[in-house]
Structures are given as structure tokens and as C-alpha cells.
>>> print(open('coords.txt').read())   # compact mmCIF, C-alpha atoms
# COMPACT_ATOMS: atom_id res chain seq x y z
CA MET A 171 55.87 46.48 -35.76
CA ASP A 172 54.67 43.54 -37.82
CA ILE A 173 53.06 40.66 -35.90
CA THR A 174 53.36 37.22 -37.48
CA ARG A 175 50.05 35.44 -37.38
CA GLN A 176 50.26 31.83 -36.29
CA SER A 177 47.60 29.18 -36.65
CA VAL A 178 45.92 27.79 -33.54
CA HIS A 179 47.39 24.36 -34.30
CA THR A 180 50.95 25.74 -34.26
CA LEU A 181 50.41 27.68 -31.02
CA VAL A 182 48.96 24.67 -29.20
CA PHE A 183 51.84 22.38 -30.13
CA ARG A 184 54.39 25.05 -29.22
CA SER A 185 52.79 25.37 -25.77
CA LEU A 186 52.87 21.59 -25.34
CA LYS A 187 56.60 21.47 -26.21
CA ARG A 188 57.40 24.22 -23.67
CA SER A 189 55.48 22.39 -20.95
CA HIS A 190 57.28 19.14 -21.76
CA ASP A 191 60.72 20.78 -21.62
CA MET A 192 59.84 22.48 -18.31
CA PHE A 193 58.75 19.29 -16.44
CA LEU A 194 61.10 16.81 -18.15
CA SER A 195 63.71 16.95 -15.40
CA ASP A 196 61.17 16.20 -12.60
CA GLU A 197 59.32 13.45 -14.44
CA GLY A 198 60.31 10.59 -12.09
CA SER A 199 60.18 12.43 -8.75
CA LEU A 200 57.01 12.48 -6.65
CA PRO A 201 55.95 15.36 -4.43
CA PRO A 202 56.74 14.94 -0.69
CA ASP A 203 54.07 13.42 1.57
CA ASP A 204 51.91 15.83 3.50
CA GLU A 205 51.74 14.34 7.02
CA GLN A 206 48.85 16.54 8.07
CA ALA A 207 46.75 15.52 5.05
CA LYS A 208 47.62 11.85 5.62
CA LYS A 209 46.43 11.94 9.25
CA MET A 210 43.27 13.77 8.23
CA ARG A 211 42.53 11.10 5.60
CA GLU A 212 43.00 8.31 8.17
CA ARG A 213 40.67 10.02 10.65
CA CYS A 214 38.00 10.47 7.97
CA LYS A 215 38.26 6.80 6.98
CA ILE A 216 37.99 5.64 10.59
CA SER A 217 34.95 7.80 11.29
CA SER A 218 33.17 6.82 8.05
CA GLU A 219 33.95 3.08 7.85
CA TYR A 220 34.65 1.98 11.44
CA TRP A 221 32.27 4.30 13.32
CA SER A 222 30.35 1.38 14.86
CA VAL A 223 33.39 -0.17 16.58
CA LYS A 224 35.85 2.64 17.08
CA ASP A 225 34.44 3.55 20.52
CA ALA A 226 34.59 -0.07 21.69
CA ALA A 227 38.39 -0.27 21.35
CA ARG A 228 40.73 0.27 24.31
CA PRO A 229 44.52 0.70 24.10
CA ALA A 230 46.43 -2.51 24.65
CA SER A 231 50.15 -1.98 24.93
CA SER A 232 51.14 -5.58 25.58
CA VAL A 233 49.38 -8.93 25.76
CA LYS A 234 50.84 -12.17 27.15
CA ALA A 235 51.08 -14.92 24.60
CA ILE A 236 49.60 -18.34 25.42
CA GLY A 237 51.92 -21.37 25.49
CA SER A 238 55.10 -19.43 24.63
CA THR A 239 58.36 -20.59 26.24
CA THR A 240 61.04 -18.47 24.63
CA ALA A 241 61.87 -14.96 25.69
CA SER A 242 61.22 -13.61 22.21
CA GLN A 243 57.62 -14.89 22.35
CA SER A 244 56.87 -13.91 25.96
CA LYS A 245 55.39 -10.53 24.99
CA VAL A 246 53.55 -9.23 22.01
CA VAL A 247 54.19 -5.50 21.74
CA ASP A 248 51.62 -3.41 19.99
CA GLU A 249 53.24 -2.01 16.88
CA ARG A 250 50.84 0.88 16.54
CA ALA A 251 52.45 4.25 16.97
CA ASP A 252 49.30 5.63 18.58
CA PRO A 253 47.37 2.96 20.56
CA SER A 254 44.34 5.27 20.87
CA GLN A 255 43.70 4.78 17.15
CA ALA A 256 43.09 1.04 17.62
CA VAL A 257 39.98 -0.14 15.83
CA VAL A 258 39.44 -3.56 17.49
CA GLU A 259 41.02 -4.62 20.76
CA TYR A 260 43.20 -7.69 20.54
CA LYS A 261 42.03 -10.49 22.84
CA ALA A 262 44.19 -13.53 23.53
CA SER A 263 41.17 -15.78 24.02
CA GLY A 264 40.20 -15.38 20.39
CA ALA A 265 36.96 -13.48 21.14
CA VAL A 266 35.79 -10.74 18.83
CA ALA A 267 34.63 -7.37 20.07
CA GLY A 268 30.85 -7.20 20.18
CA VAL A 269 30.35 -11.00 20.56
CA PRO A 270 29.62 -12.21 24.12
CA SER A 271 32.01 -14.79 25.53
CA ALA A 272 31.63 -17.32 28.34
CA ALA A 273 33.79 -15.28 30.68
CA SER A 274 31.89 -12.04 30.17
CA GLY A 275 29.06 -13.06 32.46
CA SER A 276 26.39 -13.25 29.73
CA ASN A 277 24.65 -16.43 28.63
CA PRO A 278 27.08 -18.27 26.30
CA LYS A 279 24.25 -20.31 24.78
CA SER A 280 22.74 -17.25 23.14
CA ALA A 281 25.74 -16.92 20.84
CA LEU A 282 25.74 -20.61 19.88
CA VAL A 283 22.03 -21.35 19.31
CA PRO A 284 21.12 -20.74 15.64
CA ARG A 285 18.26 -18.38 14.96
CA LYS A 286 15.02 -20.15 14.08
CA ALA A 287 13.88 -19.65 10.49
CA PRO A 288 10.58 -17.77 10.13
CA GLU A 289 7.65 -20.07 9.47
CA MET A 290 5.10 -19.39 6.75
CA PRO A 291 1.56 -19.86 8.11
CA LYS A 292 -0.46 -22.46 6.25
CA PRO A 293 -3.59 -21.06 4.57
CA ARG A 294 -7.00 -22.00 5.85
CA TRP A 295 -9.26 -23.96 3.52
CA HIS A 296 -12.14 -22.00 1.98
CA PRO A 297 -14.85 -23.50 -0.23
CA PRO A 298 -14.86 -22.22 -3.82
CA TRP A 299 -17.47 -19.71 -4.90
CA LYS A 300 -19.87 -20.11 -7.83
CA LEU A 301 -22.25 -17.85 -9.75
CA MET A 302 -25.73 -17.93 -8.27
CA ARG A 303 -27.74 -15.19 -10.02
CA VAL A 304 -27.38 -12.48 -12.68
CA ILE A 305 -29.51 -9.35 -12.17
CA SER A 306 -30.05 -6.98 -15.09
CA GLY A 307 -31.99 -3.75 -15.18
CA HIS A 308 -29.53 -0.87 -15.45
CA LEU A 309 -28.92 0.84 -18.79
CA GLY A 310 -25.27 1.66 -18.14
CA TRP A 311 -22.18 0.49 -16.29
CA VAL A 312 -22.98 -0.35 -12.67
CA ARG A 313 -20.39 1.59 -10.64
CA CYS A 314 -21.27 1.18 -6.93
CA ILE A 315 -23.19 -0.99 -4.51
CA ALA A 316 -24.20 -1.00 -0.82
CA VAL A 317 -26.11 -3.55 1.30
CA ASP A 318 -28.82 -2.59 3.79
CA PRO A 319 -27.93 -3.19 7.50
CA SER A 320 -30.99 -5.47 7.83
CA ASN A 321 -29.59 -7.63 4.97
CA GLN A 322 -32.94 -7.59 3.14
CA TRP A 323 -32.12 -5.33 0.17
CA PHE A 324 -29.23 -3.60 -1.55
CA ALA A 325 -28.78 -0.47 -3.65
CA THR A 326 -26.77 0.08 -6.83
CA GLY A 327 -25.73 3.20 -8.70
CA SER A 328 -25.05 3.34 -12.41
CA VAL A 329 -23.88 5.48 -15.29
CA ASP A 330 -27.56 5.70 -16.33
CA ARG A 331 -28.00 8.20 -13.40
CA LEU A 332 -30.39 5.88 -11.52
CA ILE A 333 -30.21 4.38 -8.04
CA LYS A 334 -32.02 1.05 -7.95
CA ILE A 335 -33.13 -0.83 -4.84
CA TRP A 336 -33.19 -4.64 -5.18
CA GLU A 337 -34.38 -7.47 -2.94
CA LEU A 338 -31.37 -9.44 -1.80
CA GLY A 339 -33.10 -12.82 -1.61
CA SER A 340 -34.97 -12.82 -4.91
CA GLY A 341 -33.09 -10.18 -6.93
CA LYS A 342 -36.31 -8.35 -7.84
CA LEU A 343 -36.36 -4.60 -8.41
CA LYS A 344 -38.18 -2.71 -5.64
CA LEU A 345 -37.54 0.96 -6.42
CA SER A 346 -35.70 3.39 -8.70
CA LEU A 347 -34.53 6.80 -7.47
CA THR A 348 -33.88 9.64 -9.91
CA GLY A 349 -32.18 12.94 -9.13
CA HIS A 350 -28.57 12.83 -10.29
CA ILE A 351 -27.76 14.42 -13.63
CA SER A 352 -24.59 12.43 -14.26
CA ALA A 353 -23.06 9.04 -13.50
CA ILE A 354 -23.39 7.84 -9.89
CA ARG A 355 -20.03 6.77 -8.42
CA GLY A 356 -20.69 6.08 -4.73
CA ILE A 357 -23.44 4.83 -2.40
CA ALA A 358 -23.55 4.43 1.40
CA ILE A 359 -26.42 3.33 3.67
CA SER A 360 -26.55 4.50 7.28
CA ASP A 361 -26.75 1.94 10.12
CA ARG A 362 -28.38 4.39 12.53
CA HIS A 363 -30.59 6.55 10.32
CA PRO A 364 -33.07 5.83 7.51
CA TYR A 365 -30.72 7.62 5.10
CA LEU A 366 -28.96 6.67 1.89
CA PHE A 367 -26.10 8.85 0.62
CA SER A 368 -25.05 9.02 -3.01
CA CYS A 369 -22.46 10.96 -4.96
CA GLY A 370 -21.65 11.29 -8.63
CA GLU A 371 -19.83 13.00 -11.43
CA ASP A 372 -22.25 15.98 -11.20
CA LYS A 373 -20.15 17.22 -8.19
CA THR A 374 -23.06 16.66 -5.78
CA VAL A 375 -23.60 14.58 -2.67
CA LYS A 376 -27.24 13.76 -1.89
CA CYS A 377 -28.95 12.46 1.23
CA TRP A 378 -32.06 10.37 0.51
CA ASP A 379 -34.77 9.77 3.11
CA LEU A 380 -35.78 6.13 2.60
CA GLU A 381 -39.08 6.65 4.38
CA GLN A 382 -40.13 9.30 1.86
CA ASN A 383 -37.93 8.13 -1.07
CA LYS A 384 -36.75 11.63 -1.85
CA VAL A 385 -33.71 13.88 -1.42
CA VAL A 386 -33.73 15.79 1.86
CA ARG A 387 -30.19 17.29 1.88
CA HIS A 388 -27.52 18.38 -0.56
CA TYR A 389 -23.84 18.79 0.34
CA HIS A 390 -22.10 21.35 -1.88
CA GLY A 391 -18.36 22.00 -1.92
CA HIS A 392 -16.54 19.59 -4.22
CA LEU A 393 -14.99 21.26 -7.25
CA SER A 394 -15.16 18.21 -9.51
CA ALA A 395 -16.63 14.72 -9.74
CA VAL A 396 -17.20 12.92 -6.42
CA TYR A 397 -15.92 9.33 -6.57
CA GLY A 398 -16.62 7.91 -3.11
CA VAL A 399 -18.80 8.35 -0.03
CA THR A 400 -18.78 6.63 3.36
CA ILE A 401 -20.44 7.13 6.74
CA HIS A 402 -18.65 7.27 10.07
CA PRO A 403 -19.70 4.24 12.19
CA SER A 404 -20.25 6.20 15.42
CA LEU A 405 -20.49 9.92 14.54
CA ASP A 406 -23.08 11.78 12.47
CA VAL A 407 -20.44 12.51 9.86
CA VAL A 408 -20.21 11.78 6.13
CA VAL A 409 -16.86 11.59 4.30
CA THR A 410 -16.57 12.05 0.53
CA CYS A 411 -13.67 12.09 -1.89
CA GLY A 412 -13.29 13.07 -5.50
CA ARG A 413 -11.36 14.26 -8.49
CA ASP A 414 -10.43 17.57 -6.86
CA ALA A 415 -7.74 15.65 -4.88
CA THR A 416 -9.48 16.24 -1.54
CA ALA A 417 -11.61 14.38 0.96
CA ARG A 418 -14.31 16.37 2.73
CA ILE A 419 -15.90 15.80 6.13
CA TRP A 420 -19.58 16.82 6.31
CA ASP A 421 -21.90 17.25 9.25
CA MET A 422 -24.82 15.00 8.38
CA ARG A 423 -27.47 17.29 9.86
CA THR A 424 -26.23 20.86 9.28
CA LYS A 425 -24.65 20.13 5.83
CA ALA A 426 -21.56 22.08 6.94
CA CYS A 427 -18.11 21.09 5.68
CA ILE A 428 -16.14 20.41 8.88
CA HIS A 429 -12.77 19.64 7.29
CA THR A 430 -11.23 19.58 3.84
CA LEU A 431 -8.50 16.95 3.91
CA SER A 432 -5.97 18.15 1.37
CA GLY A 433 -2.58 16.63 0.68
CA HIS A 434 -3.07 14.29 -2.25
CA THR A 435 -1.87 15.52 -5.62
CA ASP A 436 -4.30 13.55 -7.80
CA THR A 437 -7.81 12.09 -7.75
CA VAL A 438 -8.82 10.53 -4.43
CA SER A 439 -10.45 7.31 -5.61
CA SER A 440 -11.58 5.66 -2.38
CA VAL A 441 -12.24 6.51 1.26
CA ALA A 442 -13.04 4.46 4.36
CA CYS A 443 -14.00 5.30 7.96
CA ARG A 444 -13.52 3.52 11.27
CA SER A 445 -14.34 4.39 14.87
CA MET A 446 -10.73 4.29 16.17
CA ASP A 447 -7.77 6.40 15.14
CA PRO A 448 -6.89 6.80 12.35
CA GLN A 449 -10.57 7.32 11.62
CA VAL A 450 -10.28 8.24 7.91
CA ILE A 451 -8.23 6.41 5.25
CA THR A 452 -7.95 7.65 1.67
CA ALA A 453 -6.43 6.11 -1.47
CA SER A 454 -5.43 8.20 -4.45
CA HIS A 455 -4.29 8.06 -8.06
CA ASP A 456 -1.04 9.71 -6.94
CA SER A 457 -0.10 6.14 -5.81
CA THR A 458 -0.24 7.01 -2.09
CA VAL A 459 -2.46 6.13 0.85
CA ARG A 460 -3.04 8.55 3.73
CA LEU A 461 -4.27 7.95 7.28
CA TRP A 462 -5.95 11.04 8.76
CA ASP A 463 -6.54 12.51 12.20
CA LEU A 464 -10.26 13.36 12.06
CA ALA A 465 -10.20 15.81 14.99
CA ALA A 466 -7.28 17.88 13.68
CA GLY A 467 -7.94 17.39 9.97
CA ARG A 468 -4.34 16.53 9.16
CA THR A 469 -2.32 13.56 7.90
CA LEU A 470 -1.10 11.04 10.47
CA THR A 471 0.69 8.64 8.12
CA HIS A 472 1.62 8.85 4.45
CA LEU A 473 2.12 5.46 2.75
CA THR A 474 4.12 5.54 -0.50
CA ASN A 475 4.78 1.84 -1.18
CA HIS A 476 2.53 1.59 -4.24
CA LYS A 477 4.10 2.38 -7.61
CA LYS A 478 0.86 3.04 -9.51
CA SER A 479 -2.52 4.62 -8.83
CA VAL A 480 -4.46 3.15 -5.89
CA ARG A 481 -8.09 2.60 -6.92
CA ALA A 482 -9.62 0.46 -4.16
CA LEU A 483 -9.53 0.24 -0.38
CA ALA A 484 -11.19 -2.17 2.06
CA LEU A 485 -11.16 -2.62 5.84
CA ASN A 486 -10.99 -6.02 7.50
CA PRO A 487 -14.13 -6.45 9.68
CA THR A 488 -12.40 -8.69 12.26
CA GLU A 489 -8.71 -7.67 12.24
CA ASN A 490 -7.08 -4.32 12.86
CA SER A 491 -5.84 -4.04 9.28
CA PHE A 492 -6.82 -2.92 5.79
CA VAL A 493 -5.95 -3.67 2.18
CA THR A 494 -5.34 -1.46 -0.87
CA SER A 495 -4.99 -2.29 -4.56
CA SER A 496 -3.20 -0.90 -7.57
CA PRO A 497 -2.11 -2.45 -10.90
CA ASP A 498 1.28 -3.45 -9.43
CA ASN A 499 0.14 -5.25 -6.26
CA ILE A 500 -2.48 -5.66 -3.58
CA LYS A 501 -0.97 -4.63 -0.26
CA GLN A 502 -2.03 -5.32 3.32
CA TRP A 503 -1.37 -2.80 6.10
CA LYS A 504 -1.73 -2.84 9.87
CA PHE A 505 -3.36 -0.13 11.97
CA PRO A 506 -2.73 2.28 13.59
CA ASN A 507 0.62 3.23 12.03
CA GLY A 508 0.14 1.73 8.59
CA ASN A 509 2.85 -0.92 8.94
CA PHE A 510 3.26 -3.00 5.79
CA LEU A 511 2.21 -6.66 6.17
CA GLN A 512 2.43 -8.42 2.79
CA ASN A 513 1.94 -8.27 -0.97
CA LEU A 514 -0.69 -10.19 -2.93
CA SER A 515 0.44 -10.57 -6.53
CA GLY A 516 -1.38 -12.18 -9.43
CA HIS A 517 -3.55 -9.61 -11.18
CA THR A 518 -2.41 -8.37 -14.58
CA ALA A 519 -4.96 -5.56 -14.88
CA ILE A 520 -6.27 -2.52 -13.03
CA VAL A 521 -7.92 -3.65 -9.77
CA ASN A 522 -11.08 -1.59 -9.20
CA ALA A 523 -12.80 -3.41 -6.33
CA LEU A 524 -11.90 -5.04 -3.01
CA ALA A 525 -14.06 -6.71 -0.35
CA VAL A 526 -13.29 -8.71 2.81
CA ASN A 527 -15.68 -10.82 4.88
CA ALA A 528 -15.50 -12.08 8.47
CA ASP A 529 -14.31 -15.55 7.37
CA GLY A 530 -11.05 -14.11 6.03
CA VAL A 531 -11.94 -14.20 2.32
CA LEU A 532 -10.58 -11.30 0.28
CA VAL A 533 -12.06 -10.66 -3.18
CA SER A 534 -10.46 -8.46 -5.82
CA GLY A 535 -12.07 -7.54 -9.15
CA ALA A 536 -10.24 -6.12 -12.14
CA ASP A 537 -10.90 -4.21 -15.35
CA ASN A 538 -10.53 -7.29 -17.56
CA GLY A 539 -13.22 -9.25 -15.68
CA THR A 540 -10.87 -11.38 -13.60
CA MET A 541 -11.86 -11.97 -9.99
CA HIS A 542 -9.40 -13.46 -7.51
CA LEU A 543 -10.30 -14.88 -4.11
CA TRP A 544 -7.59 -14.91 -1.42
CA ASP A 545 -7.04 -16.20 2.06
CA TYR A 546 -6.60 -12.88 3.86
CA ARG A 547 -4.17 -14.05 6.56
CA THR A 548 -1.63 -15.79 4.31
CA GLY A 549 -2.26 -14.14 0.94
CA TYR A 550 -2.93 -17.52 -0.73
CA ASN A 551 -4.95 -17.22 -3.96
CA PHE A 552 -7.36 -20.16 -3.68
CA GLN A 553 -9.64 -19.36 -6.64
CA ARG A 554 -9.56 -17.38 -9.89
CA MET A 555 -12.67 -16.59 -11.89
CA GLN A 556 -13.40 -14.85 -15.17
CA ALA A 557 -16.64 -12.90 -15.37
CA VAL A 558 -18.66 -13.70 -18.48
CA ALA A 559 -20.40 -10.78 -20.19
CA GLN A 560 -24.14 -11.23 -20.65
CA PRO A 561 -25.43 -12.08 -24.14
CA GLY A 562 -25.42 -9.09 -26.46
CA SER A 563 -22.44 -7.43 -24.77
CA LEU A 564 -18.88 -7.14 -26.01
CA ASP A 565 -16.16 -9.28 -24.46
CA SER A 566 -14.45 -6.08 -23.33
CA GLU A 567 -17.51 -5.25 -21.20
CA SER A 568 -16.62 -7.81 -18.57
CA GLY A 569 -14.91 -5.41 -16.17
CA ILE A 570 -15.73 -5.42 -12.46
CA TYR A 571 -16.20 -1.96 -10.95
CA ALA A 572 -17.39 -2.71 -7.41
CA CYS A 573 -17.99 -5.68 -5.13
CA THR A 574 -19.22 -6.27 -1.60
CA PHE A 575 -20.33 -9.03 0.72
CA ASP A 576 -23.75 -9.06 2.33
CA LYS A 577 -23.98 -8.70 6.11
CA SER A 578 -23.74 -12.46 6.66
CA GLY A 579 -20.66 -12.80 4.45
CA SER A 580 -22.25 -15.72 2.53
CA ARG A 581 -23.19 -13.79 -0.63
CA LEU A 582 -20.85 -11.84 -2.88
CA LEU A 583 -22.30 -9.12 -5.13
CA THR A 584 -20.35 -7.60 -8.03
CA CYS A 585 -21.13 -4.62 -10.28
CA GLU A 586 -19.94 -5.03 -13.83
CA ALA A 587 -19.48 -3.22 -17.12
CA ASP A 588 -22.06 -5.40 -18.90
CA LYS A 589 -24.78 -3.50 -16.92
CA THR A 590 -25.50 -6.44 -14.61
CA ILE A 591 -25.15 -7.30 -10.93
CA LYS A 592 -23.86 -10.82 -10.30
CA VAL A 593 -24.48 -12.73 -7.07
CA TYR A 594 -22.06 -15.47 -5.99
CA LYS A 595 -22.29 -18.00 -3.17
CA GLU A 596 -20.12 -20.73 -1.70
CA ASP A 597 -20.28 -24.18 -3.26
CA GLU A 598 -21.90 -26.40 -0.61
CA SER A 599 -20.81 -29.61 -2.32
CA ALA A 600 -17.10 -28.76 -2.20
CA THR A 601 -14.85 -30.50 0.34
CA GLU A 602 -11.19 -30.34 1.24
CA GLU A 603 -10.63 -33.53 -0.79
CA SER A 604 -12.38 -32.29 -3.94
CA ASN A 605 -10.75 -28.82 -3.75
CA PRO A 606 -7.47 -29.25 -1.88
CA VAL A 607 -5.18 -26.38 -0.91
CA VAL A 608 -2.28 -26.36 -3.38
CA TRP A 609 0.12 -24.36 -1.30
CA ARG A 610 3.67 -23.56 -2.40
CA PRO A 611 5.11 -21.06 0.07
CA GLU A 612 7.71 -18.58 -1.07
CA LEU A 613 11.02 -18.54 0.76
CA LYS A 614 10.89 -14.79 1.15
CA ARG A 615 7.97 -12.39 0.99
CA LYS A 616 8.33 -9.40 -1.26
CA ARG A 617 8.13 -6.12 0.58
CA PHE A 618 7.60 -3.82 -2.39
>>> encode(input="coords.txt", output="C-alpha cells")
Amino acid sequence: MDITRQSVHTLVFRSLKRSHDMFLSDEGSLPPDDEQAKKMRERCKISSEYWSVKDAARPASSVKAIGSTTASQSKVVDERADPSQAVVEYKASGAVAGVPSAASGSNPKSALVPRKAPEMPKPRWHPPWKLMRVISGHLGWVRCIAVDPSNQWFATGSVDRLIKIWELGSGKLKLSLTGHISAIRGIAISDRHPYLFSCGEDKTVKCWDLEQNKVVRHYHGHLSAVYGVTIHPSLDVVVTCGRDATARIWDMRTKACIHTLSGHTDTVSSVACRSMDPQVITASHDSTVRLWDLAAGRTLTHLTNHKKSVRALALNPTENSFVTSSPDNIKQWKFPNGNFLQNLSGHTAIVNALAVNADGVLVSGADNGTMHLWDYRTGYNFQRMQAVAQPGSLDSESGIYACTFDKSGSRLLTCEADKTIKVYKEDESATEESNPVVWRPELKRKRF
């Protein structure tokens, strides 16, 4: 039997013609309604769109009309087939379900008094800061700084692998400590012991005895560069963080690693300690901040509001709050749950350093040498400064890597990429008339 071969084009059009002839007679008629499907669709719509008020409705079969005189207007009959499906109960008084009325026994004034608009707090006046002294002596970028509890000297760590001790009042060099074989990234001075702790890109954490000026302990365990070190204010515990995406808790005396706080997925750039829970706070390049339970060694709160890497973290010495920075924003948070307070916007570069003093002055330093001073409570930026690179340096070497206040809060020290330490102080000649607060409050604070 011979089979005639047809092209695909011919077969497709032949199939279309057969389908058209088959359904031509029923072209104008619609299929019958499925009552069961219709009721199911109505129930789904009620439960998805009117879930908040469907339980407040009660069946009302008839309601007396007000002011009607004719027999046809004496009753209003509910036209619903099923009164139990009512969404909102009809009330003759004109009240709406969910809104208290005068006859319901609640206070009628609460529904009539308009809600008071939130007030923006006015910023407190702070005197502007000015450059007081430039200290040079390091041969590389100065990456970290810490002030002695007695407020007589401070220590700095640099890429030149040296720790230098300086007099705070005169800025003279007192001592240089050698021992690290790579850049030093973090320094902390103990309030209760004659110890100085340092960490660096050589994966080591060292404990220096300041009475003997030598290393007395090493803490081994980090798998990569160590970027930050801090000391617990009430326990003999040291906390470090680094590029291995962990923070480690060390016993100061036995050198044992008590906990390894893992959970971040990128470099942990900064760490801070406090005496109350949460006792450890870490900031990471994975754009998150974590609050940790020190006893259990686990995360209490995970903050994900930042959109870019978080490089700096600072605690407020007088309030129960802290502040973090990333290239998108500086954010303030409230302890103990990490509730978001406000955004501080204005930087257009990577913010490497944060510091807060007891007077409510927040300082932020960026990669491009810009330094902003803020009123901590309101987020008002009352001064902007541009760090000037020392003679012989490139303009690009004006970045600020670390900053801190001294113990009195009257001196600000910054570590910069031009290998210098700059000391700032408040301008005593400034007044509220010469430097007024130019405050333009926003109608709405940005939350993210």
C-alpha cells in the first residue's frame, strides 16, 4: 500500500480546519456554571481578602429604618441568601465595624482626637574640632590605635610591623616594640593588668608585658590574618576576629581558646565587648552584624540591614546602644536586641573608623580622607573635614584607618595612610553664634 507523504505545513492546516468544523456549532454557547466551584471561589476570596473582619460579622436578618413612614420602608430585609457569609454587619447608626462608638461604652474622644505627629529632636550644639598636632614616625600605614587607661600615653600599630608608644601630651615617642613579622591590625590595652594585646596579618595574637616590654604569651588558633582584638571589661578574656570568618574567645592566662564564634561567611572586620548581654558584637564583610551569647558561644541576634561590608563598630560609652558603618550608611542600634534606631548618611566612601565620646560626638573616618562629626542622638552632621596628607605623600594617601578619643573625650586621635597620627581638639573660641546649628529635619527617617 502506497502512503502519500504530506508536508508538515499541509498536515497542520488540515488539523486546524477539522478543529474549526468540529467546534463551529458551539462557538457562541458557554459551558454551564459549576455551583460547587463558584462557592469554593467565594470562600477562598473571603478567607484571603476579608480574613481580618469576617469573624466580626453577625447575621442581621432585618434592621429598622430610621425616619421611615411608609410600609414599604418600615423594614430593610437582608438580601443575602446566606446571612452567615456577611462580611460587615450593617448598623443603622452609621458606625463601622472595628471603630468604637459613643454607645459602645468606650471613650468616644479616642476616635476623634487626631494622632500627634512625631517630633524630631533638635540637635545639641557641639563646638567644631580643629587640627592640633601631627605626629610622624611610622614607616607605613598606621592601622590601629589604643589609649592607656591613665590617659598619659597611647600605642599605635602600623604596616611597618612596629608598635610605638607615644606621650599623649607632647606627642613624643617613648618606645618601639618589635616582634610581629607582618602588618599590625589591632591593639588593645588592659584596664586591670599591665598588658597590651596586639594582632596582625601574621595570624598571631601577642600579649606584651608593659613592665618588661616583651612578649609573655602567644595565642595560636586563627587560620588567617587577625584584624581586631578587644578585652572584656570585667572578665580575664580576650576576643579576636579575623579573615577566617570567625571570632575567638581566649583565656588571658591559660592561652586556651574557650569558644570559636562561627557564623559569618566572610572576614570579620571588627569586634567589641561589653559587660552585659550581649557581651560580644562582631561586624563582618558579609554585610551583617551579630550579637553573641558569650556563655553559650552562639548567636543571639543577626542583623542584616546593611547592604555592603561592615568595616567599623563602636559602642556608646553612656547609652545602651552601638553604631556600625558600611559604604551605604552608618547605622545606630539599641541593645540588647539590636533594634534599629536611625541612619546617618553623608559619606561617599568606605568608612573604616568610628569613635564615640561621652559628650555625644560621633566621628567617622573614610578611605578618601573625609572625616564627619555627628551629634549622636539626632544624627545631625555638624562638621565635615578633609584630612590633608603630609608633605611628600600622594593625595590618595589621605585615608583614615582608625580613630579614637582619649579617656577625657577632649582629644581625637586618627591613624592615617600618610604614615602619621593626627591629634584634634575642640575649638575654644567657637560659640553658638559663630558656628550655629543649621538644622533641617527630614519629614521621615529612612529605615534602610
>>> residues_around(input="coords.txt", residues="stretch 511-524 of chain A", least_positions_apart="5", cutoff="6 Å", atoms="only C-alpha atoms", output="list in words")
Arg481, Ala482, Ala484, Ser496, Pro497, Asn499, Ile500, Lys501, Gln502, Trp503, Val533, Ser534, Gly535, Ala536, Asp537, Gly549, Tyr571, Ala572 and Cys573 of chain A
>>> closest_residue(input="coords.txt", among="A:Val459, A:Val526, A:Ile305, A:Leu543", to="A:His434", atoms="only C-alpha atoms")
A:Val459
>>> atom_distance(input="coords.txt", atom1="atom CA of A:Thr452", atom2="atom CA of A:Pro487")
17.4 Å
>>> residues_around(input="coords.txt", residues="A:Asp565", least_positions_apart="3", cutoff="12 Å", atoms="only C-alpha atoms", output="ChimeraX atom specification")
/A:537-539,556-562,568-569,587-588
>>> write_last_selection(input="coords.txt", atoms="C-alpha atoms", output="mmCIF file, keeping the file's coordinate frame")
data_model
loop_
_atom_site.group_PDB
_atom_site.id
_atom_site.type_symbol
_atom_site.label_atom_id
_atom_site.label_comp_id
_atom_site.auth_asym_id
_atom_site.auth_seq_id
_atom_site.Cartn_x
_atom_site.Cartn_y
_atom_site.Cartn_z
ATOM 1 C CA ASP A 537 -10.900 -4.210 -15.350
ATOM 2 C CA ASN A 538 -10.530 -7.290 -17.560
ATOM 3 C CA GLY A 539 -13.220 -9.250 -15.680
ATOM 4 C CA GLN A 556 -13.400 -14.850 -15.170
ATOM 5 C CA ALA A 557 -16.640 -12.900 -15.370
ATOM 6 C CA VAL A 558 -18.660 -13.700 -18.480
ATOM 7 C CA ALA A 559 -20.400 -10.780 -20.190
ATOM 8 C CA GLN A 560 -24.140 -11.230 -20.650
ATOM 9 C CA PRO A 561 -25.430 -12.080 -24.140
ATOM 10 C CA GLY A 562 -25.420 -9.090 -26.460
ATOM 11 C CA SER A 568 -16.620 -7.810 -18.570
ATOM 12 C CA GLY A 569 -14.910 -5.410 -16.170
ATOM 13 C CA ALA A 587 -19.480 -3.220 -17.120
ATOM 14 C CA ASP A 588 -22.060 -5.400 -18.900
#
>>> residues_around(input="coords.txt", residues="A:Asn383", least_positions_apart="4", cutoff="8 Å", atoms="all atoms listed in the file", output="ChimeraX atom specification")
/A:347,378-379
>>> decode(input="coords.txt", residues="stretch 566-593 of chain A", atoms="C-alpha atoms", output="PDB file, in the first residue's frame")
ATOM      1  CA  SER A 566      45.487  59.362  47.631  1.00  0.00           C
ATOM      2  CA  GLU A 567      47.333  58.661  50.897  1.00  0.00           C
ATOM      3  CA  SER A 568      44.862  60.669  52.947  1.00  0.00           C
ATOM      4  CA  GLY A 569      42.741  57.731  54.087  1.00  0.00           C
ATOM      5  CA  ILE A 570      41.752  57.319  57.735  1.00  0.00           C
ATOM      6  CA  TYR A 571      42.134  53.773  59.064  1.00  0.00           C
ATOM      7  CA  ALA A 572      41.403  54.159  62.786  1.00  0.00           C
ATOM      8  CA  CYS A 573      40.323  56.817  65.256  1.00  0.00           C
ATOM      9  CA  THR A 574      39.667  57.058  68.978  1.00  0.00           C
ATOM     10  CA  PHE A 575      39.055  59.582  71.716  1.00  0.00           C
ATOM     11  CA  ASP A 576      41.284  59.848  74.753  1.00  0.00           C
ATOM     12  CA  LYS A 577      39.825  58.976  78.161  1.00  0.00           C
ATOM     13  CA  SER A 578      38.650  62.548  78.767  1.00  0.00           C
ATOM     14  CA  GLY A 579      36.922  62.772  75.385  1.00  0.00           C
ATOM     15  CA  SER A 580      38.629  66.130  74.646  1.00  0.00           C
ATOM     16  CA  ARG A 581      41.253  64.828  72.192  1.00  0.00           C
ATOM     17  CA  LEU A 582      40.620  62.921  68.981  1.00  0.00           C
ATOM     18  CA  LEU A 583      43.417  60.781  67.520  1.00  0.00           C
ATOM     19  CA  THR A 584      43.340  59.450  63.954  1.00  0.00           C
ATOM     20  CA  CYS A 585      45.606  56.956  62.165  1.00  0.00           C
ATOM     21  CA  GLU A 586      46.112  57.715  58.511  1.00  0.00           C
ATOM     22  CA  ALA A 587      47.563  56.355  55.285  1.00  0.00           C
ATOM     23  CA  ASP A 588      50.209  59.102  55.085  1.00  0.00           C
ATOM     24  CA  LYS A 589      52.026  57.327  57.995  1.00  0.00           C
ATOM     25  CA  THR A 590      51.035  59.972  60.552  1.00  0.00           C
ATOM     26  CA  ILE A 591      48.892  60.231  63.671  1.00  0.00           C
ATOM     27  CA  LYS A 592      46.817  63.420  63.832  1.00  0.00           C
ATOM     28  CA  VAL A 593      45.512  64.907  67.083  1.00  0.00           C
TER      29      VAL A 593
END
